[in-house]
Structure formats: structure tokens, C-alpha cells
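Peer 1: Below: one structure in C-alpha cells.
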Amino acid sequence: MREARRVNLQEFFSASFSQVVRYLKDVVRFILAPGDYIREVAREADVETTRRLVFYALGFAILEVPAASVGARGAEHLTWYLVLEVAALEAALGLLFAPSFYLVSKYLRVPRALKATLVYCLTFKFVYFTPLVIVYSLFLATEDYFFAMVRGYATYVQFLAYILIFPIALSIGLRRRVAATGLSVGVAVLIYALVGRLGESFETKVSRPERLSVLYDPIGAEVDGLRVDLTFMEAKDGELRRWADRVDSLPYASHNSVSALTELLADVRRDWTFIRGMIHPALEETKQSLKEQRAQVIFETSKRLLRLAATEVNRGETLMDAADGFAASGSALTYMRLERAKTAFFEAEGERLETLLEFLKVRNRLRSEGLLY
């Protein structure tokens with residue numbers, strides 16, 4: 001495409017206020033009359049078209065970067081370098097289905113078919129993906145999976161509109177419109193299948209390519225990475241749980257004979273010192289692990305699970321103190337204190353597990369419906 005004169009970078013990026021207003025008005029025009037927008041932009045000067053698309057790309061990137069930064073564990077700050085990087089990436093992703101629209105353009109004999117294809121792909125990307133970014137930001141801000149569900153359904157609706165709008169907007173007559181739409185859908189489905197196959201083979205070599213998907217769930221990914229299993233409860237093949245079961249059997253032993261109760265009580269008190277020595281290092285390790293994780297996590301869902309785990313650990317320490325008292329005296333009073341500590345501990349464990357299961361139930365349902373990765 002020839003220009004009357006060469007345009008330097010300063011001129012290229014010096015869009016006037018009136019041009020910016022026109023670009024914004026054209027967004028509305030693209031939504032209401034995409035065919036007119038594509039034909040007009042395809043006829044305008046190439047430098048002006050490039051300036052227009054760069055403006056859309058940068059605006060979209062400025063919206064996306066804060067959400068993407070949170071999704072990527074908050075490691076990035078909003079810088080122009082990052083904005084340009086995201087804009088370039090999104091522009092490349094916007095051209096993924098360009099072959100489909102180029103074939104439709106050639107079939108419909110659209111003037112400047114390649115440029116019309118590029119204009120449609122990139123404008124659609126930056127206009128219609130913006131609502132998805134907004135919903136995604138609400139999902140990250142509220143951690144409400146309702147917004148994840150909305151984003152999931154909107155993503156599929158947006159994809160359907162993506163492959164249908166171009167052939168419908170540029171074709172004239174029912175017959176050509178049906179043929180162009182069929183061509184667009186057929187080639188798009190083929191590209192989608194090929195990309196899916198490529199992603200499956202790529203996943204074995206590169207760390208989790210689904211992170212690039214608009215359906216990626218950083219909250220669930222962070223929860224999956226948590227280590228909230230209380231290993232001290234299972235230390236040395238669950239000796240603590242077995243000891244607790246023997247304590248629970250003391251009232252039943254009293255029904256048999258006093259000597260059986262006395263013997264079992266002596267065994268329980270004697271074994272506690274040995275068991276405490278085994279589980280105490282695991283308890284301290286669990287406490288340190290939870291402390292380190294609390295300093296690293298971003299989302300409130302993860303923080304809440306870690307708080308519940310910390311409460312469970314604190315109840316575990318109280319349980320161990322009560323067991324110390326019971327092992328020291330073996331009195332009915334210390335036994336009652338031990339039972340209360342056990343009840344409080346298992347209540348804390350139940351609350352943590354119930355919270356985790358409720359979260360997994362909602363997330364797994366959305367994943368099973370293809371609304372979340």
C-alpha cells in the first residue's frame with residue numbers, strides 16, 4: 001500500500017484529539033454496522049489504519065494488564081513495556097482465525113481482502129474482548145464464581161459471533177450469505193481443532209499452556225497449589241489418631257473390669273510421651289509451612305483456607321497440651337479437658353474440609369461444563 005510520503009514515528013503516534021474521538025465513534029459503528037466499518041477502513045490510508053489499530057490495542061492492553069497481573073500472581077506492575085507486550089500478544093492471538101475470514105473475503109470478492117480481514121480480526125478482538133476482561137476483573141476482585149460462569153458463557157457467545165459477523169456483514173443475498181457463513185464456520189472449526197491438537201502435544205513440553213486461555217482460573221490454580229494437609233496428624237502412620245481412638249475406648253473399658261481400665265489407662269499415659277516426640281516436629285513443620293504460604297498467596301479464598309488450617313493447628317496444639325495433662329495425672333478432670341480439646345480440633349478440621357469441598361464443588365461443576373480451565 002503506497003503512501004504519498006513517508007511518515008516518521010513522531011507523526012505516527014501523534015494522533016489528534018479529533019482522531020481519538022473518531023476512533024471511539026468507530027467502535028460504536030463497528031458494533032452497529034460492521035460491514036460499513038470494514039469497507040471504509042479497508043479503503044483508508046494504511047498508516048491511518050495502523051494508527052487506529054494501535055490505539056485500540058493499547059487501550060485494550062491497559063484494561064487487561066491489571067487483571068492479567070493479578071492472574072499471574074501479581075508479579076507485574078503496569079508499565080508501558082508490559083502494555084506493549086500484552087498488546088502485541090493479543091494482536092497475534094486476534095489473527096488466529098484470519099485464514100477463515102480471508103477465504104470468505106476472496107469468495108465474496110471484497111476489495112483489499114487481506115486488509116479487510118486484518119481490520120476485522122483485530123478490531124473485533126479489541127472491542128468484543130473488552131467486556132470479557134471486565135467480567136474477568138470482577139471475578140478476580142470478588143472471587144465469586146458467578147462471574148466465572150458469566151465469563152465462560154460469554155466467551156462461547158463471543159466466539160460464535162466472531163465467526164458469523166464477518167460473512168453476514170459483507171455478503172449480499174441469501175445464497176451468498178449462507179455459503180459465506182458455511183465457509184467461515186467450517187474453516188474456523190478446522191482451525192479450532194488443529195489448535196486443540198497442538199495444545200495437547202504442547203502441554204507435555206511446556207508448563208500449562210491453558211494459562212493463556214480466557215477461561216483460565218488463577219484462583220483455583222492457587223488453591224490447587226496450597227499445602228494445607230496437616231501432616232502431623234498422620235505422622236508415623238497415624239499414631240496420634242490411633243492413640244486418640246484408644247483414649248476414646250477408656251469409658252468402654254470401664255464396663256469390663258477395673259483392672260482392664262487401669263491397664264489401658266497406664267498404656268495410654270505411657271505411650272503419649274513417645275507419640276508426642278514423633279508428632280511435635282511435624283506440627284512445627286506444618287506451622288512454618290502455613291506461615292510461608294500466607295506470605296505468598298494473593299486470593300482471599302486461599303487466605304481463608306490457610307486461616308482455617310492455622311486454626312486447626314492451634315487446636316492441635318491445645319489438644320497436645322490437654323494430652324500432656326492427661327498423661328501426667330490421668331484424672332477424670334484432665335480426661336474431660338482432653339475430650340473437649342479433641343472435639344474442638346475435629347470441629348476446626350470439619351470446617352476447613354467443608355469450606356474446601358464447597359469451593360471444589362462449584363469449581364469442578366464449571367470445569368465439567370467447559371466454562372473454566
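Convention: chains lettered A, B, ... in C-alpha cells order; per-chain residue numbering from 1; ligands numbered from 1 as shown.
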May I have the residues within 10 Å of Tyr192 in chain A as a list in words, using only C-alpha atoms and disregarding those fewer than 5 positions away in the same chain?

Peer 2: Leu96, Phe97, Gly186, Val187, Arg197 and Leu198 of chain A

Peer 1: Residues as selected, all heavy atoms, written as a tab-separated table (two decimals), in the first residue's frame, can you do that?

Peer 2:
chain	number	residue	atom	x	y	z
A	96	LEU	N	-5.61	-15.42	14.86
A	96	LEU	CA	-5.61	-16.88	14.84
A	96	LEU	C	-6.56	-17.44	13.77
A	96	LEU	O	-6.25	-18.41	13.08
A	96	LEU	CB	-6.00	-17.42	16.22
A	96	LEU	CG	-5.87	-18.91	16.44
A	96	LEU	CD1	-4.43	-19.37	16.24
A	96	LEU	CD2	-6.35	-19.29	17.84
A	97	PHE	N	-7.72	-16.81	13.63
A	97	PHE	CA	-8.72	-17.30	12.67
A	97	PHE	C	-8.75	-16.47	11.38
A	97	PHE	O	-9.72	-16.55	10.63
A	97	PHE	CB	-10.11	-17.31	13.32
A	97	PHE	CG	-10.24	-18.33	14.42
A	97	PHE	CD1	-9.95	-17.99	15.72
A	97	PHE	CD2	-10.63	-19.63	14.13
A	97	PHE	CE1	-10.06	-18.93	16.73
A	97	PHE	CE2	-10.74	-20.58	15.13
A	97	PHE	CZ	-10.45	-20.23	16.44
A	186	GLY	N	-16.86	-23.56	8.78
A	186	GLY	CA	-16.10	-24.77	8.50
A	186	GLY	C	-14.61	-24.59	8.72
A	186	GLY	O	-13.95	-25.41	9.39
A	187	VAL	N	-14.05	-23.52	8.17
A	187	VAL	CA	-12.61	-23.28	8.32
A	187	VAL	C	-12.28	-22.95	9.78
A	187	VAL	O	-11.25	-23.39	10.31
A	187	VAL	CB	-12.15	-22.14	7.40
A	187	VAL	CG1	-10.67	-21.84	7.60
A	187	VAL	CG2	-12.42	-22.51	5.95
A	197	ARG	N	-5.40	-29.76	19.07
A	197	ARG	CA	-4.43	-30.86	18.95
A	197	ARG	C	-3.03	-30.38	19.27
A	197	ARG	O	-2.26	-31.04	19.97
A	197	ARG	CB	-4.48	-31.44	17.55
A	197	ARG	CG	-5.69	-32.30	17.26
A	197	ARG	CD	-5.62	-33.60	18.07
A	197	ARG	NE	-6.70	-34.50	17.75
A	197	ARG	CZ	-6.67	-35.39	16.75
A	197	ARG	NH1	-5.60	-35.46	15.98
A	197	ARG	NH2	-7.71	-36.17	16.53
A	198	LEU	N	-2.68	-29.21	18.75
A	198	LEU	CA	-1.36	-28.65	19.00
A	198	LEU	C	-1.18	-28.36	20.48
A	198	LEU	O	-0.11	-28.61	21.05
A	198	LEU	CB	-1.18	-27.36	18.19
A	198	LEU	CG	0.17	-26.64	18.35
A	198	LEU	CD1	1.30	-27.54	17.87
A	198	LEU	CD2	0.17	-25.32	17.58

Peer 1: Could you give me, as a PyMOL selection string, the residues within 10 Å of Lys342 in chain A, counting only C-alpha atoms and dropping anything in the same chain fewer than 4 positions from it?

Peer 2: chain A and resi 244+315-316+318-320+322-323+336-338+346-348

Peer 1: Give me, as a PyMOL selection string, all polymer residues having an atom no more than 7 Å from range 102-113 of chain A, counting only C-alpha atoms and skipping those fewer than 4 positions away in the same chain.

Peer 2: chain A and resi 42+98+117+167+171+180+183-184

Peer 1: Can I get the selection written as an mmCIF file, in the first residue's frame, with all heavy atoms?

Peer 2:
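Writing the result to part_6.cif gives the following:
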data_model
loop_
_atom_site.group_PDB
_atom_site.id
_atom_site.type_symbol
_atom_site.label_atom_id
_atom_site.label_comp_id
_atom_site.auth_asym_id
_atom_site.auth_seq_id
_atom_site.Cartn_x
_atom_site.Cartn_y
_atom_site.Cartn_z
ATOM 1 N N ALA A 42 -10.962 -0.347 5.243
ATOM 2 C CA ALA A 42 -10.133 -1.017 4.237
ATOM 3 C C ALA A 42 -9.714 -0.046 3.133
ATOM 4 O O ALA A 42 -8.655 -0.222 2.510
ATOM 5 C CB ALA A 42 -10.893 -2.204 3.642
ATOM 6 N N ALA A 98 -7.697 -15.708 11.146
ATOM 7 C CA ALA A 98 -7.638 -14.873 9.947
ATOM 8 C C ALA A 98 -7.778 -15.671 8.649
ATOM 9 O O ALA A 98 -8.431 -15.197 7.704
ATOM 10 C CB ALA A 98 -6.343 -14.060 9.949
ATOM 11 N N THR A 117 -9.619 -8.381 6.159
ATOM 12 C CA THR A 117 -9.522 -9.469 7.132
ATOM 13 C C THR A 117 -8.799 -9.017 8.391
ATOM 14 O O THR A 117 -9.256 -9.256 9.516
ATOM 15 C CB THR A 117 -8.782 -10.664 6.510
ATOM 16 O OG1 THR A 117 -9.527 -11.154 5.397
ATOM 17 C CG2 THR A 117 -8.589 -11.776 7.534
ATOM 18 N N PRO A 167 -18.886 -12.863 7.676
ATOM 19 C CA PRO A 167 -19.551 -13.266 6.427
ATOM 20 C C PRO A 167 -20.941 -12.671 6.278
ATOM 21 O O PRO A 167 -21.373 -12.344 5.162
ATOM 22 C CB PRO A 167 -19.607 -14.791 6.526
ATOM 23 C CG PRO A 167 -19.517 -15.095 7.973
ATOM 24 C CD PRO A 167 -18.631 -14.038 8.545
ATOM 25 N N SER A 171 -21.671 -9.986 3.037
ATOM 26 C CA SER A 171 -22.312 -10.676 1.913
ATOM 27 C C SER A 171 -23.647 -10.032 1.568
ATOM 28 O O SER A 171 -24.309 -9.432 2.416
ATOM 29 C CB SER A 171 -22.513 -12.157 2.247
ATOM 30 O OG SER A 171 -23.277 -12.306 3.432
ATOM 31 N N ALA A 180 -21.127 -18.132 2.434
ATOM 32 C CA ALA A 180 -20.008 -17.482 3.125
ATOM 33 C C ALA A 180 -19.984 -17.867 4.604
ATOM 34 O O ALA A 180 -18.921 -18.107 5.185
ATOM 35 C CB ALA A 180 -20.112 -15.966 2.965
ATOM 36 N N LEU A 183 -18.669 -21.408 4.906
ATOM 37 C CA LEU A 183 -17.221 -21.423 4.715
ATOM 38 C C LEU A 183 -16.498 -20.921 5.956
ATOM 39 O O LEU A 183 -15.502 -21.518 6.404
ATOM 40 C CB LEU A 183 -16.865 -20.554 3.508
ATOM 41 C CG LEU A 183 -15.368 -20.415 3.175
ATOM 42 C CD1 LEU A 183 -14.767 -21.773 2.856
ATOM 43 C CD2 LEU A 183 -15.169 -19.437 2.022
ATOM 44 N N SER A 184 -17.001 -19.844 6.532
ATOM 45 C CA SER A 184 -16.379 -19.277 7.730
ATOM 46 C C SER A 184 -16.425 -20.257 8.897
ATOM 47 O O SER A 184 -15.416 -20.484 9.579
ATOM 48 C CB SER A 184 -17.093 -17.976 8.120
ATOM 49 O OG SER A 184 -16.551 -17.444 9.313
#

Peer 1: Report as JSON lines: every residue of range 139-176 of chain A with an atom at most 10 Å from range 288-311 of chain A, its closest pair of atoms, and their distance in Å to one decimal, counting only C-alpha atoms, with rows sorted by chain and ascending residue number.

Peer 2:
{"residue": "A:Leu140", "atom": "CA", "partner": "A:Phe299", "partner_atom": "CA", "distance": 8.0}
{"residue": "A:Ala141", "atom": "CA", "partner": "A:Phe299", "partner_atom": "CA", "distance": 8.8}
{"residue": "A:Thr142", "atom": "CA", "partner": "A:Glu300", "partner_atom": "CA", "distance": 8.9}
{"residue": "A:Glu143", "atom": "CA", "partner": "A:Thr301", "partner_atom": "CA", "distance": 7.3}
{"residue": "A:Asp144", "atom": "CA", "partner": "A:Thr301", "partner_atom": "CA", "distance": 9.8}

Peer 1: Would you mind exporting C-alpha atoms of the selected residues as a PDB file, in the first residue's frame?

Peer 2:
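Result file is again-v2.pdb:
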ATOM      1  CA  LEU A 140     -10.699 -11.767  40.433  1.00  0.00           C
ATOM      2  CA  ALA A 141     -11.842  -8.858  42.598  1.00  0.00           C
ATOM      3  CA  THR A 142     -14.819 -10.645  44.175  1.00  0.00           C
ATOM      4  CA  GLU A 143     -13.659 -14.276  43.830  1.00  0.00           C
ATOM      5  CA  ASP A 144     -17.278 -15.050  43.038  1.00  0.00           C
TER       6      ASP A 144
END

Peer 1: Would you mind listing what lies within 12 Å of Val21 in chain A as a VMD selection string, with only C-alpha atoms counted and same-chain residues fewer than 6 positions away left out?

Peer 2: chain A and resid 15 27 to 28 52 55

Peer 1: How close does each residue of range 308-366 of chain A get to range 216-226 of chain A, giving the shortest atom pair and distance in Å to one decimal for every residue with an atom at most 12 Å away, counting only C-alpha atoms, sorted by chain and residue number, as CSV?

Peer 2:
residue,atom,partner,partner_atom,distance
A:Ala309,CA,A:Leu226,CA,10.8
A:Thr355,CA,A:Val223,CA,11.9
A:Leu356,CA,A:Val223,CA,9.0
A:Leu357,CA,A:Val223,CA,11.7
A:Phe359,CA,A:Gly220,CA,8.8
A:Leu360,CA,A:Gly220,CA,8.4
A:Lys361,CA,A:Gly220,CA,11.5
A:Val362,CA,A:Gly220,CA,10.6
A:Arg363,CA,A:Gly220,CA,7.4
A:Asn364,CA,A:Gly220,CA,9.7
A:Leu366,CA,A:Asp217,CA,10.5

Peer 1: Please report the interatomic distance between CA of Asn314 in chain A and CA of Glu339 in chain A in Å with one decimal.

Peer 2: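 Taking CA of Asn314 in chain A as the start and CA of Glu339 in chain A as the end point, the length is 15.8 Å.
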
Peer 1: Which distance in Å separates CA of Leu160 in chain A and CA of Val135 in chain A, to one decimal?

Peer 2: 18.3 Å

Peer 1: Give the answer as one residue: which of A:Glu317, A:Arg175, A:Val133, A:Arg270 has the shortest atom-to-atom distance to Glu284 in chain A, using only C-alpha atoms?

Peer 2: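 The closest residue to Glu284 in chain A is A:Glu317.
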